[in-house]
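Structure file my_file-v4.pdb (PDB, C-alpha atoms) is printed below.
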ATOM      1  CA  GLU L   1       0.000   0.000   0.000  1.00  0.00           C
ATOM      2  CA  GLY L   2       1.361   3.433  -0.814  1.00  0.00           C
ATOM      3  CA  ARG L   3       0.347   6.917  -1.774  1.00  0.00           C
ATOM      4  CA  GLN L   4      -2.825   7.382  -3.756  1.00  0.00           C
ATOM      5  CA  PRO L   5      -1.989   8.073  -7.414  1.00  0.00           C
ATOM      6  CA  TRP L   6      -1.951  11.720  -8.467  1.00  0.00           C
ATOM      7  CA  GLN L   7      -3.021  12.497 -12.013  1.00  0.00           C
ATOM      8  CA  LEU L   8      -0.857  15.607 -12.539  1.00  0.00           C
ATOM      9  CA  LYS L   9       2.794  15.804 -13.551  1.00  0.00           C
ATOM     10  CA  PRO L  10       4.868  18.045 -11.251  1.00  0.00           C
ATOM     11  CA  ASP L  11       6.811  20.825 -12.961  1.00  0.00           C
ATOM     12  CA  GLY L  12       8.790  21.846  -9.865  1.00  0.00           C
ATOM     13  CA  PHE L  13       8.856  21.647  -6.072  1.00  0.00           C
ATOM     14  CA  GLU L  14      10.151  23.251  -2.857  1.00  0.00           C
ATOM     15  CA  PHE L  15      10.310  21.849   0.670  1.00  0.00           C
ATOM     16  CA  SER L  16       8.541  23.666   3.493  1.00  0.00           C
ATOM     17  CA  SER L  17      10.781  25.312   6.085  1.00  0.00           C
ATOM     18  CA  ASP L  18      10.191  22.437   8.540  1.00  0.00           C
ATOM     19  CA  GLY L  19      10.570  19.694   5.904  1.00  0.00           C
ATOM     20  CA  ARG L  20       7.096  18.233   6.564  1.00  0.00           C
ATOM     21  CA  PHE L  21       5.543  19.369   3.277  1.00  0.00           C
ATOM     22  CA  LEU L  22       6.462  19.545  -0.355  1.00  0.00           C
ATOM     23  CA  TYR L  23       5.097  22.456  -2.414  1.00  0.00           C
ATOM     24  CA  ILE L  24       4.516  21.439  -6.019  1.00  0.00           C
ATOM     25  CA  ASP L  25       3.572  23.354  -9.128  1.00  0.00           C
ATOM     26  CA  ALA L  26       1.728  21.383 -11.805  1.00  0.00           C
ATOM     27  CA  THR L  27      -0.381  22.213 -14.848  1.00  0.00           C
ATOM     28  CA  ASP L  28      -4.029  21.224 -14.922  1.00  0.00           C
ATOM     29  CA  ARG L  29      -6.192  22.241 -17.891  1.00  0.00           C
ATOM     30  CA  GLY L  30      -4.051  25.215 -18.869  1.00  0.00           C
ATOM     31  CA  ILE L  31      -3.471  26.657 -15.389  1.00  0.00           C
ATOM     32  CA  VAL L  32      -0.286  26.102 -13.390  1.00  0.00           C
ATOM     33  CA  GLY L  33      -1.550  25.457  -9.876  1.00  0.00           C
ATOM     34  CA  LEU L  34       0.253  25.261  -6.553  1.00  0.00           C
ATOM     35  CA  TYR L  35      -0.199  22.152  -4.379  1.00  0.00           C
ATOM     36  CA  ARG L  36       0.968  20.951  -0.971  1.00  0.00           C
ATOM     37  CA  LEU L  37       1.940  17.348  -0.296  1.00  0.00           C
ATOM     38  CA  ASP L  38       2.020  16.223   3.334  1.00  0.00           C
ATOM     39  CA  LEU L  39       5.043  13.903   3.479  1.00  0.00           C
ATOM     40  CA  GLN L  40       3.681  12.197   6.616  1.00  0.00           C
ATOM     41  CA  THR L  41       0.470  10.854   5.033  1.00  0.00           C
ATOM     42  CA  ASP L  42      -0.549   8.809   2.018  1.00  0.00           C
ATOM     43  CA  LYS L  43      -2.951  11.478   0.762  1.00  0.00           C
ATOM     44  CA  PRO L  44      -2.479  13.079  -2.652  1.00  0.00           C
ATOM     45  CA  PRO L  45      -1.352  16.722  -2.849  1.00  0.00           C
ATOM     46  CA  LYS L  46      -3.893  19.346  -1.759  1.00  0.00           C
ATOM     47  CA  ILE L  47      -4.577  22.385  -3.928  1.00  0.00           C
ATOM     48  CA  ILE L  48      -3.318  25.668  -2.482  1.00  0.00           C
ATOM     49  CA  MET L  49      -4.246  27.872  -5.433  1.00  0.00           C
ATOM     50  CA  ASN L  50      -5.264  27.601  -9.067  1.00  0.00           C
ATOM     51  CA  LEU L  51      -6.747  31.026  -9.763  1.00  0.00           C
ATOM     52  CA  ARG L  52      -3.859  32.103 -11.988  1.00  0.00           C
ATOM     53  CA  SER L  53      -0.814  30.333 -13.405  1.00  0.00           C
ATOM     54  CA  VAL L  54       1.927  30.183 -10.792  1.00  0.00           C
ATOM     55  CA  SER L  55       5.400  31.021 -12.059  1.00  0.00           C
ATOM     56  CA  ALA L  56       7.364  31.096  -8.783  1.00  0.00           C
ATOM     57  CA  TYR L  57       6.843  30.443  -5.070  1.00  0.00           C
ATOM     58  CA  HIS L  58       9.055  30.593  -2.019  1.00  0.00           C
ATOM     59  CA  PRO L  59       8.241  29.459   1.528  1.00  0.00           C
ATOM     60  CA  LEU L  60       8.586  32.341   4.005  1.00  0.00           C
ATOM     61  CA  ARG L  61      10.048  31.868   7.466  1.00  0.00           C
ATOM     62  CA  GLN L  62       7.326  31.878  10.097  1.00  0.00           C
ATOM     63  CA  PRO L  63       7.483  31.727  13.903  1.00  0.00           C
ATOM     64  CA  GLN L  64       7.367  28.164  15.193  1.00  0.00           C
ATOM     65  CA  GLY L  65       3.807  26.843  15.346  1.00  0.00           C
ATOM     66  CA  GLN L  66       2.531  29.266  12.705  1.00  0.00           C
ATOM     67  CA  PRO L  67       1.279  27.911   9.353  1.00  0.00           C
ATOM     68  CA  ASP L  68       3.570  28.246   6.363  1.00  0.00           C
ATOM     69  CA  ARG L  69       3.097  31.224   4.111  1.00  0.00           C
ATOM     70  CA  LEU L  70       4.466  31.425   0.625  1.00  0.00           C
ATOM     71  CA  LEU L  71       5.430  34.327  -1.586  1.00  0.00           C
ATOM     72  CA  VAL L  72       3.754  33.473  -4.895  1.00  0.00           C
ATOM     73  CA  THR L  73       4.183  35.083  -8.305  1.00  0.00           C
ATOM     74  CA  SER L  74       1.442  34.318 -10.833  1.00  0.00           C
ATOM     75  CA  SER L  75      -0.160  35.673 -13.994  1.00  0.00           C
ATOM     76  CA  THR L  76      -2.989  35.239 -16.485  1.00  0.00           C
ATOM     77  CA  MET L  77      -3.315  36.193 -20.129  1.00  0.00           C
ATOM     78  CA  ALA L  78      -4.899  39.420 -18.879  1.00  0.00           C
ATOM     79  CA  GLU L  79      -2.623  40.239 -15.943  1.00  0.00           C
ATOM     80  CA  PRO L  80       1.153  39.974 -16.395  1.00  0.00           C
ATOM     81  CA  CYS L  81       2.307  39.733 -12.785  1.00  0.00           C
ATOM     82  CA  VAL L  82       0.664  39.265  -9.403  1.00  0.00           C
ATOM     83  CA  TYR L  83       2.678  39.011  -6.169  1.00  0.00           C
ATOM     84  CA  GLU L  84       0.880  37.518  -3.176  1.00  0.00           C
ATOM     85  CA  VAL L  85       1.505  36.003   0.209  1.00  0.00           C
ATOM     86  CA  VAL L  86      -0.555  32.810   0.477  1.00  0.00           C
ATOM     87  CA  ASP L  87      -1.326  30.788   3.602  1.00  0.00           C
ATOM     88  CA  ALA L  88      -0.343  27.177   2.819  1.00  0.00           C
ATOM     89  CA  GLU L  89      -3.206  25.766   4.915  1.00  0.00           C
ATOM     90  CA  LYS L  90      -5.996  28.124   3.883  1.00  0.00           C
ATOM     91  CA  GLY L  91      -4.803  28.443   0.285  1.00  0.00           C
ATOM     92  CA  ALA L  92      -6.626  30.875  -1.950  1.00  0.00           C
ATOM     93  CA  ASN L  93      -9.001  31.715   0.911  1.00  0.00           C
ATOM     94  CA  TRP L  94      -6.300  33.891   2.479  1.00  0.00           C
ATOM     95  CA  MET L  95      -4.055  36.001   0.308  1.00  0.00           C
ATOM     96  CA  ALA L  96      -2.406  39.374   0.692  1.00  0.00           C
ATOM     97  CA  ARG L  97      -1.799  40.995  -2.671  1.00  0.00           C
ATOM     98  CA  LEU L  98       1.459  42.892  -2.448  1.00  0.00           C
ATOM     99  CA  ILE L  99       1.216  44.977  -5.604  1.00  0.00           C
ATOM    100  CA  PRO L 100      -2.066  46.245  -7.096  1.00  0.00           C
ATOM    101  CA  GLN L 101      -3.212  45.113 -10.513  1.00  0.00           C
ATOM    102  CA  THR L 102      -0.844  46.182 -13.250  1.00  0.00           C
ATOM    103  CA  SER L 103      -1.732  49.401 -14.996  1.00  0.00           C
ATOM    104  CA  GLY L 104      -0.276  51.207 -17.987  1.00  0.00           C
ATOM    105  CA  LEU L 105      -0.693  48.176 -20.248  1.00  0.00           C
ATOM    106  CA  GLU L 106      -3.909  49.318 -21.907  1.00  0.00           C
ATOM    107  CA  ASP L 107      -2.500  48.842 -25.412  1.00  0.00           C
ATOM    108  CA  LEU L 108      -1.663  45.205 -24.557  1.00  0.00           C
ATOM    109  CA  SER L 109      -4.262  44.229 -22.059  1.00  0.00           C
ATOM    110  CA  ILE L 110      -7.387  42.201 -22.323  1.00  0.00           C
ATOM    111  CA  SER L 111      -9.801  41.542 -19.517  1.00  0.00           C
ATOM    112  CA  GLN L 112     -10.109  38.113 -17.964  1.00  0.00           C
ATOM    113  CA  GLU L 113     -13.761  38.138 -19.108  1.00  0.00           C
ATOM    114  CA  GLN L 114     -12.507  37.914 -22.713  1.00  0.00           C
ATOM    115  CA  VAL L 115     -10.732  34.616 -21.991  1.00  0.00           C
ATOM    116  CA  SER L 116     -12.564  31.316 -21.679  1.00  0.00           C
ATOM    117  CA  SER L 117     -11.582  27.672 -21.731  1.00  0.00           C
ATOM    118  CA  ILE L 118     -13.255  25.071 -23.928  1.00  0.00           C
ATOM    119  CA  HIS L 119     -12.836  21.291 -23.967  1.00  0.00           C
ATOM    120  CA  PHE L 120     -13.485  18.840 -26.789  1.00  0.00           C
ATOM    121  CA  GLU L 121     -12.612  15.317 -27.843  1.00  0.00           C
ATOM    122  CA  GLY L 122      -9.558  15.028 -30.064  1.00  0.00           C
ATOM    123  CA  ALA L 123      -7.959  12.178 -31.974  1.00  0.00           C
ATOM    124  CA  GLU L 124      -8.260   8.749 -30.388  1.00  0.00           C
ATOM    125  CA  GLY L 125     -10.602  10.122 -27.716  1.00  0.00           C
ATOM    126  CA  HIS L 126      -8.027  12.400 -26.060  1.00  0.00           C
ATOM    127  CA  ALA L 127      -9.480  15.289 -24.069  1.00  0.00           C
ATOM    128  CA  ILE L 128      -8.338  18.600 -25.587  1.00  0.00           C
ATOM    129  CA  GLN L 129      -8.410  21.956 -23.805  1.00  0.00           C
ATOM    130  CA  ALA L 130      -8.249  25.232 -25.775  1.00  0.00           C
ATOM    131  CA  TRP L 131      -8.454  28.940 -25.023  1.00  0.00           C
ATOM    132  CA  VAL L 132     -10.897  31.298 -26.694  1.00  0.00           C
ATOM    133  CA  VAL L 133      -9.987  34.984 -26.555  1.00  0.00           C
ATOM    134  CA  LYS L 134     -12.841  37.173 -27.750  1.00  0.00           C
ATOM    135  CA  PRO L 135     -12.431  40.725 -29.069  1.00  0.00           C
ATOM    136  CA  ARG L 136     -12.793  43.547 -26.574  1.00  0.00           C
ATOM    137  CA  ASP L 137     -16.017  44.717 -28.264  1.00  0.00           C
ATOM    138  CA  PHE L 138     -17.431  41.190 -28.685  1.00  0.00           C
ATOM    139  CA  HIS L 139     -21.174  40.908 -29.096  1.00  0.00           C
ATOM    140  CA  VAL L 140     -22.945  37.583 -29.554  1.00  0.00           C
ATOM    141  CA  SER L 141     -25.066  38.927 -32.446  1.00  0.00           C
ATOM    142  CA  LYS L 142     -22.014  39.791 -34.589  1.00  0.00           C
ATOM    143  CA  SER L 143     -19.699  37.521 -36.531  1.00  0.00           C
ATOM    144  CA  TYR L 144     -15.926  37.812 -36.323  1.00  0.00           C
ATOM    145  CA  PRO L 145     -12.957  36.370 -38.207  1.00  0.00           C
ATOM    146  CA  LEU L 146     -11.305  33.410 -36.516  1.00  0.00           C
ATOM    147  CA  CYS L 147      -7.582  33.314 -35.825  1.00  0.00           C
ATOM    148  CA  LEU L 148      -6.099  29.987 -34.728  1.00  0.00           C
ATOM    149  CA  SER L 149      -2.825  30.111 -32.877  1.00  0.00           C
ATOM    150  CA  ILE L 150      -1.838  26.514 -32.238  1.00  0.00           C
ATOM    151  CA  HIS L 151       0.732  25.844 -29.549  1.00  0.00           C
ATOM    152  CA  GLY L 152       1.367  22.850 -27.409  1.00  0.00           C
ATOM    153  CA  GLY L 153       3.444  19.812 -26.605  1.00  0.00           C
ATOM    154  CA  PRO L 154       5.392  17.819 -26.470  1.00  0.00           C
ATOM    155  CA  TYR L 155       6.849  19.694 -23.484  1.00  0.00           C
ATOM    156  CA  SER L 156       4.035  22.024 -22.473  1.00  0.00           C
ATOM    157  CA  SER L 157       0.756  23.605 -23.463  1.00  0.00           C
ATOM    158  CA  TRP L 158      -0.416  27.191 -23.821  1.00  0.00           C
ATOM    159  CA  ASN L 159      -1.407  28.130 -20.284  1.00  0.00           C
ATOM    160  CA  ASP L 160      -3.492  30.969 -18.909  1.00  0.00           C
ATOM    161  CA  SER L 161      -0.357  32.958 -18.185  1.00  0.00           C
ATOM    162  CA  TRP L 162       1.378  36.054 -19.473  1.00  0.00           C
ATOM    163  CA  SER L 163       4.131  35.557 -22.030  1.00  0.00           C
ATOM    164  CA  ASN L 164       5.771  38.082 -24.308  1.00  0.00           C
ATOM    165  CA  ARG L 165       7.208  35.210 -26.329  1.00  0.00           C
ATOM    166  CA  VAL L 166       3.914  33.722 -27.500  1.00  0.00           C
ATOM    167  CA  ASP L 167       1.408  36.438 -26.609  1.00  0.00           C
ATOM    168  CA  PRO L 168      -0.270  37.529 -29.880  1.00  0.00           C
ATOM    169  CA  ARG L 169      -1.257  40.879 -28.368  1.00  0.00           C
ATOM    170  CA  SER L 170       2.369  41.921 -28.030  1.00  0.00           C
ATOM    171  CA  PHE L 171       2.622  42.167 -31.808  1.00  0.00           C
ATOM    172  CA  LYS L 172       0.203  45.119 -31.717  1.00  0.00           C
ATOM    173  CA  SER L 173       1.908  47.023 -28.964  1.00  0.00           C
ATOM    174  CA  ARG L 174       3.780  50.251 -29.436  1.00  0.00           C
ATOM    175  CA  HIS L 175       6.626  48.619 -27.478  1.00  0.00           C
ATOM    176  CA  TYR L 176       6.880  45.866 -30.084  1.00  0.00           C
ATOM    177  CA  ALA L 177       6.783  48.441 -32.887  1.00  0.00           C
ATOM    178  CA  GLU L 178       9.618  50.326 -31.208  1.00  0.00           C
ATOM    179  CA  ARG L 179      11.707  47.154 -30.916  1.00  0.00           C
ATOM    180  CA  GLU L 180      11.071  46.416 -34.596  1.00  0.00           C
ATOM    181  CA  ARG L 181      12.180  49.931 -35.560  1.00  0.00           C
ATOM    182  CA  ILE L 182      15.420  49.499 -33.626  1.00  0.00           C
ATOM    183  CA  VAL L 183      16.095  46.070 -35.142  1.00  0.00           C
ATOM    184  CA  GLU L 184      15.434  47.361 -38.671  1.00  0.00           C
ATOM    185  CA  GLN L 185      17.799  50.281 -38.061  1.00  0.00           C
ATOM    186  CA  TYR L 186      20.666  47.832 -37.442  1.00  0.00           C
ATOM    187  CA  LEU L 187      19.742  45.378 -40.201  1.00  0.00           C
ATOM    188  CA  VAL L 188      19.584  47.939 -43.020  1.00  0.00           C
TER     189      VAL L 188
END

Kindly return the structure encoded in the file as structure tokens.
Amino acid sequence: EGRQPWQLKPDGFEFSSDGRFLYIDATDRGIVGLYRLDLQTDKPPKIIMNLRSVSAYHPLRQPQGQPDRLLVTSSTMAEPCVYEVVDAEKGANWMARLIPQTSGLEDLSISQEQVSSIHFEGAEGHAIQAWVVKPRDFHVSKSYPLCLSIHGGPYSSWNDSWSNRVDPRSFKSRHYAERERIVEQYLV
């Protein structure tokens, strides 16, 4: 008899300050969540947070007897960087946001309401998850052109996280245009 099987594949981990727990980040349906594994039980990891895609986390030193807190950095397609302190026991029920929502990115930003996840059956019955990003002025009575941006495997999928590398909105930004102008200046 051993641990109950866990369906997710860990991407990384950190030990708690007392060594009793393992904090794990793993992707589930396009969101990189943060989990806590109690090393003294046979239970599967417990979710700490899966509201946004976690990119980094670090256990914070706490007085003895106090629950672990973690400094967590996360993002979504709509919000490039969120810094929070998260209680490892209470999870997403207790968070202290350290920096307010990013501003000044109006030319790049979309709202989280524009992003939705869909699921469908793919080849050989595999479950496929995809993101739908609707235009800012979307209205159900109108028709819009469709743009497919396929990205995935074998290493990873396109998660609900901010990325300048694969973010299609960055191609419209004035910052991108400025970079292109500089590159062209040196290539000519």

Excluding range 14-25 of chain L and its own-chain neighbours fewer than 3 positions away, which residues fall within 7 Å of it when counting all atoms listed in the file? Please give them as a ChimeraX atom specification.
/L:10-11,32-40,59,61

Using all atoms listed in the file: which of L:Asp28, L:Glu113, L:Asp68, L:Glu89 has the shortest distance to Lys9 in chain L
L:Asp28

Please write as an MDAnalysis selection string the full residue list that the PyMOL selection byres ((chain L and resi 6) around 8) yields on this file.
chainID L and resid 4:5 7:8 44:45

Output C-alpha atoms of each residue in that selection to a file, as a PDB file, in the frame of the given file.
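Printed below is part.pdb as written:
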ATOM      1  CA  GLN L   4      -2.825   7.382  -3.756  1.00  0.00           C
ATOM      2  CA  PRO L   5      -1.989   8.073  -7.414  1.00  0.00           C
ATOM      3  CA  GLN L   7      -3.021  12.497 -12.013  1.00  0.00           C
ATOM      4  CA  LEU L   8      -0.857  15.607 -12.539  1.00  0.00           C
ATOM      5  CA  PRO L  44      -2.479  13.079  -2.652  1.00  0.00           C
ATOM      6  CA  PRO L  45      -1.352  16.722  -2.849  1.00  0.00           C
TER       7      PRO L  45
END

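Residues matched by the PyMOL selection byres ((chain L and resi 55) around 8) in this file: Val32, Ser53, Val54, Ala56, Tyr57, Val72, Thr73, Ser74 and Ser75 of chain L.
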
Selection result of the PyMOL selection byres ((chain L and resi 134) around 9) on this file, as a CSV table (one decimal) with C-alpha atoms, in the coordinates of the input:
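Dumped everything to out.csv:
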chain,number,residue,atom,x,y,z
L,113,GLU,CA,-13.8,38.1,-19.1
L,114,GLN,CA,-12.5,37.9,-22.7
L,115,VAL,CA,-10.7,34.6,-22.0
L,116,SER,CA,-12.6,31.3,-21.7
L,132,VAL,CA,-10.9,31.3,-26.7
L,133,VAL,CA,-10.0,35.0,-26.6
L,135,PRO,CA,-12.4,40.7,-29.1
L,136,ARG,CA,-12.8,43.5,-26.6
L,137,ASP,CA,-16.0,44.7,-28.3
L,138,PHE,CA,-17.4,41.2,-28.7

Using all atoms listed in the file for the distances, tell me which of L:Trp131, L:Val82, L:Asn50, L:Thr76 is nearest to Ile118 in chain L.
L:Trp131
